[in-house]
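Everything below belongs to target39.cif, which stores mmCIF, C-alpha atoms.
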```
data_entry
#
loop_
_atom_site.label_atom_id
_atom_site.label_comp_id
_atom_site.auth_asym_id
_atom_site.auth_seq_id
_atom_site.Cartn_x
_atom_site.Cartn_y
_atom_site.Cartn_z
CA MET D 256 -66.55 -22.65 22.18
CA SER D 257 -65.24 -25.70 20.30
CA ILE D 258 -67.57 -27.96 18.29
CA SER D 259 -67.06 -30.86 20.73
CA SER D 260 -67.83 -28.59 23.69
CA ALA D 261 -70.95 -27.35 21.95
CA HIS D 262 -72.13 -30.91 21.37
CA ARG D 263 -71.51 -31.82 25.03
CA SER D 264 -73.43 -28.74 26.10
CA LEU D 265 -76.27 -29.58 23.75
CA GLY D 266 -76.34 -33.16 25.06
CA LYS D 267 -76.67 -31.85 28.64
CA GLN D 268 -79.56 -29.63 27.57
CA VAL D 269 -81.34 -32.60 25.95
CA THR D 270 -80.78 -34.75 29.03
CA SER D 271 -82.15 -32.11 31.35
CA SER D 272 -85.16 -31.59 29.10
CA LEU D 273 -86.22 -35.18 29.74
CA GLN D 274 -86.41 -34.44 33.42
CA THR D 275 -89.03 -31.70 33.03
CA VAL D 276 -92.79 -32.25 32.87
CA SER D 277 -94.09 -33.07 29.35
CA PRO D 278 -91.19 -31.46 27.49
CA ILE D 279 -91.24 -30.86 23.79
CA VAL D 280 -89.09 -33.45 22.04
CA GLU D 281 -87.65 -33.24 18.55
CA LEU D 282 -86.97 -36.50 16.75
CA ASN D 283 -85.06 -37.41 13.63
CA VAL D 284 -86.54 -40.69 12.41
CA GLY D 285 -84.62 -41.89 9.38
CA GLY D 286 -84.17 -38.32 8.17
CA GLU D 287 -87.78 -37.22 8.86
CA VAL D 288 -88.11 -34.62 11.62
CA TYR D 289 -90.98 -34.83 14.12
CA THR D 290 -91.94 -32.74 17.13
CA THR D 291 -94.00 -34.21 19.96
CA THR D 292 -94.08 -34.44 23.75
CA LEU D 293 -92.33 -36.87 26.04
CA SER D 294 -95.67 -37.95 27.48
CA THR D 295 -96.89 -38.93 24.01
CA LEU D 296 -93.82 -41.08 23.39
CA LYS D 297 -94.24 -42.75 26.79
CA LYS D 298 -97.99 -43.28 26.48
CA HIS D 299 -97.57 -47.07 26.57
CA PRO D 300 -95.03 -47.72 29.35
CA GLY D 301 -94.29 -51.30 28.32
CA SER D 302 -93.36 -50.39 24.77
CA LYS D 303 -89.87 -50.20 23.33
CA LEU D 304 -90.57 -46.61 22.29
CA ALA D 305 -91.39 -45.61 25.86
CA GLU D 306 -88.28 -47.40 27.09
CA MET D 307 -86.14 -45.28 24.76
CA PHE D 308 -87.21 -42.19 26.67
CA THR D 309 -87.34 -43.57 30.19
CA GLY D 310 -84.59 -42.48 32.59
CA GLN D 311 -81.38 -41.40 30.95
CA PRO D 312 -81.71 -40.93 27.18
CA LYS D 313 -80.72 -44.08 25.28
CA LEU D 314 -80.58 -42.55 21.82
CA ARG D 315 -77.92 -40.68 19.93
CA THR D 316 -78.59 -37.14 18.77
CA ASP D 317 -78.04 -35.65 15.34
CA ALA D 318 -76.14 -32.44 14.59
CA GLY D 319 -79.22 -30.41 15.53
CA GLY D 320 -79.62 -32.09 18.92
CA ARG D 321 -82.65 -34.15 17.86
CA PHE D 322 -82.97 -37.71 19.10
CA PHE D 323 -82.11 -40.04 16.22
CA ILE D 324 -84.01 -43.27 15.53
CA ASP D 325 -82.65 -45.32 12.65
CA ARG D 326 -86.00 -46.47 11.27
CA PRO D 327 -88.13 -45.52 8.22
CA GLY D 328 -89.36 -42.03 8.98
CA THR D 329 -92.25 -42.13 6.50
CA TYR D 330 -94.37 -44.40 8.69
CA PHE D 331 -93.54 -42.86 12.06
CA LYS D 332 -96.23 -40.23 11.50
CA TYR D 333 -98.84 -43.00 11.73
CA ILE D 334 -97.29 -44.23 14.98
CA LEU D 335 -97.42 -40.70 16.41
CA GLU D 336 -101.01 -40.19 15.26
CA TYR D 337 -102.03 -43.34 17.10
CA LEU D 338 -100.22 -42.26 20.26
CA ARG D 339 -101.86 -38.83 20.12
CA SER D 340 -105.43 -39.76 19.24
CA ASN D 341 -105.74 -43.56 19.22
CA GLN D 342 -106.43 -43.34 15.50
CA VAL D 343 -105.57 -46.60 13.78
CA PRO D 344 -103.97 -45.95 10.38
CA THR D 345 -105.82 -46.96 7.22
CA GLN D 346 -102.86 -46.46 4.87
CA CYS D 347 -99.57 -48.34 4.49
CA ILE D 348 -100.93 -50.99 6.84
CA GLN D 349 -98.22 -53.59 6.24
CA ASP D 350 -95.39 -51.10 6.79
CA VAL D 351 -96.98 -49.48 9.84
CA TYR D 352 -97.51 -52.96 11.29
CA LYS D 353 -93.76 -53.65 11.00
CA GLU D 354 -93.00 -50.40 12.80
CA ALA D 355 -95.58 -51.09 15.52
CA LEU D 356 -93.88 -54.45 16.09
CA PHE D 357 -90.46 -52.79 16.26
CA TYR D 358 -91.61 -50.16 18.77
CA ASP D 359 -93.54 -52.90 20.62
CA ILE D 360 -96.75 -50.87 20.88
CA GLU D 361 -98.95 -53.82 21.74
CA PRO D 362 -102.41 -52.17 21.53
CA LEU D 363 -101.64 -50.89 18.02
CA VAL D 364 -100.22 -54.25 16.97
CA LYS D 365 -103.41 -56.01 18.07
CA GLN D 366 -105.68 -53.52 16.32
CA LEU D 367 -103.69 -53.75 13.10
CA GLU D 368 -103.83 -57.54 13.26
CA ASP D 369 -107.61 -57.23 13.15
CA SER D 370 -107.44 -55.33 9.85
CA PRO D 371 -108.21 -57.42 6.73
CA GLN D 372 -104.71 -56.91 5.32
CA ILE D 373 -102.83 -58.13 8.38
CA PHE D 374 -105.42 -60.68 9.45
CA GLY D 375 -105.25 -62.36 6.06
CA GLU D 376 -101.45 -62.43 6.12
CA VAL D 377 -100.78 -63.32 9.77
CA VAL D 378 -103.76 -65.49 10.66
CA ALA D 379 -104.57 -67.11 7.31
CA ARG D 380 -101.55 -67.24 4.99
CA ARG D 381 -98.73 -67.50 7.52
CA GLN D 382 -100.58 -70.10 9.56
CA PHE D 383 -101.05 -72.15 6.40
CA LEU D 384 -97.39 -71.84 5.43
CA ALA D 385 -96.35 -72.83 8.95
CA ARG D 386 -97.96 -76.21 8.19
CA VAL D 387 -95.91 -76.70 5.02
CA PRO D 388 -92.67 -78.42 6.12
CA ASN D 389 -89.49 -76.41 5.48
CA TYR D 390 -91.33 -73.76 3.48
CA SER D 391 -88.92 -70.88 4.19
CA GLU D 392 -85.86 -73.09 3.72
CA ASN D 393 -87.20 -74.29 0.35
CA ILE D 394 -87.76 -70.70 -0.81
CA GLU D 395 -84.11 -69.93 -0.04
CA LEU D 396 -83.03 -73.16 -1.77
CA MET D 397 -84.93 -72.18 -4.92
CA ILE D 398 -83.19 -68.82 -4.97
CA ARG D 399 -79.76 -70.39 -4.50
CA ILE D 400 -80.35 -72.83 -7.37
CA ALA D 401 -81.61 -70.04 -9.63
CA ARG D 402 -78.64 -67.80 -8.87
CA ALA D 403 -76.20 -70.66 -9.47
CA GLU D 404 -77.66 -71.15 -12.96
CA ALA D 405 -77.75 -67.44 -13.83
CA VAL D 406 -74.25 -67.14 -15.31
CA ALA D 407 -74.50 -65.74 -18.86
CA SER D 408 -78.22 -66.51 -18.92
CA ARG D 409 -81.34 -64.41 -19.21
CA GLN D 410 -83.44 -66.87 -17.21
CA SER D 411 -82.92 -69.59 -14.62
CA SER D 412 -85.27 -72.52 -14.26
CA VAL D 413 -86.04 -74.30 -11.00
CA THR D 414 -88.13 -77.45 -10.91
CA VAL D 415 -90.53 -77.77 -8.00
CA CYS D 416 -92.55 -80.77 -6.84
CA VAL D 417 -95.67 -79.79 -4.87
CA VAL D 418 -97.64 -82.52 -3.08
CA ARG D 419 -100.57 -82.04 -0.76
CA THR D 420 -101.00 -85.57 0.66
CA GLU D 421 -98.76 -88.40 1.78
CA GLU D 422 -100.07 -90.47 -1.15
CA ASP D 423 -99.04 -87.75 -3.59
CA ALA D 424 -95.64 -87.54 -1.87
CA ALA D 425 -95.07 -91.24 -2.57
CA LYS D 426 -95.91 -90.73 -6.25
CA CYS D 427 -93.57 -87.76 -6.41
CA HIS D 428 -90.82 -89.86 -4.83
CA ASP D 429 -91.27 -92.57 -7.47
CA VAL D 430 -91.00 -90.06 -10.29
CA LEU D 431 -87.91 -88.43 -8.78
CA ASN D 432 -86.21 -91.81 -8.63
CA SER D 433 -86.88 -92.23 -12.37
CA LEU D 434 -85.59 -88.81 -13.40
CA GLU D 435 -82.32 -88.60 -15.26
CA THR D 436 -81.75 -85.05 -14.01
CA ASP D 437 -80.01 -84.28 -10.72
CA LYS D 438 -82.58 -84.94 -7.99
CA LYS D 439 -80.95 -82.30 -5.79
CA SER D 440 -82.14 -79.59 -8.20
CA VAL D 441 -85.81 -80.48 -7.62
CA VAL D 442 -87.29 -78.62 -4.65
CA LYS D 443 -90.10 -80.48 -2.90
CA PHE D 444 -92.95 -78.76 -1.03
CA GLY D 445 -95.45 -80.64 1.13
CA PRO D 446 -97.38 -82.52 2.15
CA TRP D 447 -99.51 -80.38 4.47
CA LYS D 448 -102.68 -80.62 6.53
CA ALA D 449 -104.68 -77.52 5.70
CA THR D 450 -107.45 -76.57 3.28
CA PRO D 451 -105.46 -74.44 0.75
CA SER D 452 -104.78 -76.17 -2.56
CA ILE D 453 -101.62 -76.77 -4.59
CA SER D 454 -102.56 -73.69 -6.63
CA ASP D 455 -102.69 -71.64 -3.42
CA LEU D 456 -99.23 -72.79 -2.41
CA LEU D 457 -97.82 -71.99 -5.86
CA ASP D 458 -99.21 -68.47 -5.51
CA CYS D 459 -97.56 -68.16 -2.09
CA ILE D 460 -94.19 -69.28 -3.46
CA LYS D 461 -94.41 -66.72 -6.26
CA MET D 462 -95.55 -63.98 -3.86
CA ASP D 463 -92.74 -64.57 -1.36
CA ILE D 464 -89.99 -64.76 -3.97
CA GLU D 465 -91.27 -61.59 -5.66
CA ALA D 466 -91.25 -59.90 -2.25
CA LYS D 467 -87.48 -60.49 -2.21
CA GLY D 468 -87.14 -58.51 -5.44
CA TYR D 469 -87.03 -61.30 -8.02
CA LYS D 470 -89.01 -61.42 -11.25
CA ILE D 471 -90.55 -64.87 -11.42
CA SER D 472 -93.24 -66.89 -13.18
CA PHE D 473 -94.27 -70.54 -13.14
CA GLN D 474 -95.94 -73.12 -15.33
CA PRO D 475 -96.56 -76.88 -15.30
CA HIS D 476 -93.31 -78.70 -15.92
CA THR D 477 -92.98 -80.69 -19.16
CA MET D 478 -91.50 -84.05 -18.30
CA GLU D 479 -89.59 -86.44 -20.52
CA LYS D 480 -91.56 -88.83 -22.69
CA GLY D 481 -92.57 -92.08 -21.08
CA PHE D 482 -93.87 -90.74 -17.76
CA ARG D 483 -97.48 -91.21 -16.84
CA PHE D 484 -99.47 -87.97 -16.94
CA LYS D 485 -100.83 -88.41 -13.42
CA SER D 486 -97.33 -88.78 -12.08
CA PHE D 487 -95.97 -85.45 -13.20
CA ILE D 488 -98.91 -83.16 -12.48
CA PHE D 489 -97.08 -82.37 -9.22
CA PHE D 490 -94.13 -80.79 -11.04
CA TYR D 491 -93.82 -77.11 -11.91
CA GLN D 492 -91.16 -74.99 -13.50
CA PHE D 493 -90.34 -71.63 -11.92
CA LEU D 494 -88.56 -69.17 -14.20
CA PHE D 495 -86.37 -66.42 -12.74
CA THR D 496 -85.85 -63.63 -15.28
CA TRP D 497 -82.66 -61.61 -14.75
CA TRP D 498 -82.85 -59.09 -17.59
#
```

Write out the structure in this file as structure tokens.
Amino acid sequence: MSISSAHRSLGKQVTSSLQTVSPIVELNVGGEVYTTTLSTLKKHPGSKLAEMFTGQPKLRTDAGGRFFIDRPGTYFKYILEYLRSNQVPTQCIQDVYKEALFYDIEPLVKQLEDSPQIFGEVVARRQFLARVPNYSENIELMIRIARAEAVASRQSSVTVCVVRTEEDAAKCHDVLNSLETDKKSVVKFGPWKATPSISDLLDCIKMDIEAKGYKISFQPHTMEKGFRFKSFIFFYQFLFTWW
């Protein structure tokens, strides 16, 4: 029998196995092999995972005939454990949460969102950042400026103006108009209506840029002589270190 014929035959066997009651299913998830039952995978009918195994198979198979899912296999064991025993994982919470969202397992998503790790990120931090105008866009702008200045340099410096209130924003605007440097290179965050402070936002900026793989630090920006102290307390210098 040719290799192609063998694969077609194997595919027919896999298809027919889905039509039996609670068949044993072998999965290849990102290179990790798992064995479970069809009923376990379809435990939550509205989920994306259940949909993958409803009706005709919607997944490709690997050379061994296992259904292949192109996702991180390390965390799938926690997904399976929840489907088998309703046990909510206590390890790798952030990563398992991403996988639960991908597979659209709503009960697990909701339970993970109640955990301190996800609750703090989704309900507290993200909700705060959603109230900071153009936060994500400004993060990307900072990275673009830093990369543009990285040629033949060990570090890149990006100046940031952080203002919490409309009054502070007006002061920042006045200072920017007085600067001799290119105003386009100063990234402005704020104002916002939420309790977190300027220090909290600076920590968020650092956290989110580091999450993208960059090595970064920040410090109060030293302005040119002649500016009033109270005017430039809103300015900070973020240093990207390349090597």

Residue list as a PyMOL selection string for point (-99.3, -82.7, -0.6), cut-off 12 Å, only C-alpha atoms: chain D and resi 386-388+416-428+443-456+488-490

Can those selected residues be exported to a file as a PDB file, in the coordinates of the input so that it contains C-alpha atoms?
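Written output follows (selection-v7.pdb):
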```
ATOM      1  CA  ARG D 386     -97.960 -76.210   8.190  1.00  0.00           C
ATOM      2  CA  VAL D 387     -95.910 -76.700   5.020  1.00  0.00           C
ATOM      3  CA  PRO D 388     -92.670 -78.420   6.120  1.00  0.00           C
ATOM      4  CA  CYS D 416     -92.550 -80.770  -6.840  1.00  0.00           C
ATOM      5  CA  VAL D 417     -95.670 -79.790  -4.870  1.00  0.00           C
ATOM      6  CA  VAL D 418     -97.640 -82.520  -3.080  1.00  0.00           C
ATOM      7  CA  ARG D 419    -100.570 -82.040  -0.760  1.00  0.00           C
ATOM      8  CA  THR D 420    -101.000 -85.570   0.660  1.00  0.00           C
ATOM      9  CA  GLU D 421     -98.760 -88.400   1.780  1.00  0.00           C
ATOM     10  CA  GLU D 422    -100.070 -90.470  -1.150  1.00  0.00           C
ATOM     11  CA  ASP D 423     -99.040 -87.750  -3.590  1.00  0.00           C
ATOM     12  CA  ALA D 424     -95.640 -87.540  -1.870  1.00  0.00           C
ATOM     13  CA  ALA D 425     -95.070 -91.240  -2.570  1.00  0.00           C
ATOM     14  CA  LYS D 426     -95.910 -90.730  -6.250  1.00  0.00           C
ATOM     15  CA  CYS D 427     -93.570 -87.760  -6.410  1.00  0.00           C
ATOM     16  CA  HIS D 428     -90.820 -89.860  -4.830  1.00  0.00           C
ATOM     17  CA  LYS D 443     -90.100 -80.480  -2.900  1.00  0.00           C
ATOM     18  CA  PHE D 444     -92.950 -78.760  -1.030  1.00  0.00           C
ATOM     19  CA  GLY D 445     -95.450 -80.640   1.130  1.00  0.00           C
ATOM     20  CA  PRO D 446     -97.380 -82.520   2.150  1.00  0.00           C
ATOM     21  CA  TRP D 447     -99.510 -80.380   4.470  1.00  0.00           C
ATOM     22  CA  LYS D 448    -102.680 -80.620   6.530  1.00  0.00           C
ATOM     23  CA  ALA D 449    -104.680 -77.520   5.700  1.00  0.00           C
ATOM     24  CA  THR D 450    -107.450 -76.570   3.280  1.00  0.00           C
ATOM     25  CA  PRO D 451    -105.460 -74.440   0.750  1.00  0.00           C
ATOM     26  CA  SER D 452    -104.780 -76.170  -2.560  1.00  0.00           C
ATOM     27  CA  ILE D 453    -101.620 -76.770  -4.590  1.00  0.00           C
ATOM     28  CA  SER D 454    -102.560 -73.690  -6.630  1.00  0.00           C
ATOM     29  CA  ASP D 455    -102.690 -71.640  -3.420  1.00  0.00           C
ATOM     30  CA  LEU D 456     -99.230 -72.790  -2.410  1.00  0.00           C
ATOM     31  CA  ILE D 488     -98.910 -83.160 -12.480  1.00  0.00           C
ATOM     32  CA  PHE D 489     -97.080 -82.370  -9.220  1.00  0.00           C
ATOM     33  CA  PHE D 490     -94.130 -80.790 -11.040  1.00  0.00           C
TER      34      PHE D 490
END
```

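Ranking D:Ile464, D:Phe323, D:Gln410, D:Asn341 by their shortest atom-to-atom distance to Tyr390 of chain D, with all atoms listed in the file included, puts D:Ile464 first.
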
Distance criterion (all atoms listed in the file): nearest to Glu395 of chain D out of D:Arg380, D:Ala318, D:Ile460, D:Ile348: D:Ile460

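Closest approach to Leu296 of chain D among D:Ile400, D:Ile324, D:Leu457, D:Leu335: D:Leu335, based on all atoms listed in the file.
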
Neighbour residues at most 12 Å from (-87.0, -70.6, -2.2) (all atoms listed in the file) as a ChimeraX atom specification: /D:389-402,413-415,440-444,457,459-467,469,471,493,495

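Computed from the coordinates, the atom CA of Ser302 of chain D to atom CA of Pro371 of chain D distance equals 24.4 Å.
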
Matched chain/residue IDs from the PyMOL selection byres ((chain D and resi 280-282) around 7), as a list in words: Pro278, Ile279, Asn283, Val284, Val288, Tyr289, Thr290, Thr291, Thr292, Leu293, Arg321, Phe322 and Phe323 of chain D

Nearest-residue call for Val351 of chain D, choices D:Val378, D:Leu338, D:Leu494, D:Leu363, using all atoms listed in the file: D:Leu363

Which of D:Asp429, D:Ala305, D:Pro344, D:Gln474 sits closest to Tyr358 of chain D [using only C-alpha atoms]: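 Of D:Asp429, D:Ala305, D:Pro344, D:Gln474, the one nearest Tyr358 of chain D is D:Ala305, counting only C-alpha atoms.
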
Selection under test: the PyMOL selection byres ((chain D and resi 362) around 12); residues as a list in words: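 Applied to this file, the PyMOL selection byres ((chain D and resi 362) around 12) selects Lys298, His299, Pro300, Gly301, Ser302, Ile334, Tyr337, Leu338, Asn341, Gln342, Val343, Tyr352, Ala355, Leu356, Tyr358, Asp359, Ile360, Glu361, Leu363, Val364, Lys365, Gln366, Leu367, Glu368 and Asp369 of chain D.
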
Reference answer for the PyMOL selection byres ((chain D and resi 327) around 7), as JSON, numbers by chain: {"D": [284, 285, 326, 328, 329, 330]}

d(atom CA of Pro475 of chain D, atom CA of Gln492 of chain D) in Å: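 Going from atom CA of Pro475 of chain D over to atom CA of Gln492 of chain D covers 6.0 Å.
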
With 8 Å on each side, where is the centre of the axis-aligned box around all listed atoms of segment 287-306 of chain D, and how long are its edges in Å to one decimal, as lines of an AutoDock Vina configuration file?
```
center_x = -92.9
center_y = -42.0
center_z = 19.1
size_x = 26.2
size_y = 34.6
size_z = 36.5
```

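Between atom CA of Phe383 of chain D and atom CA of Trp497 of chain D lies a distance of 29.9 Å.
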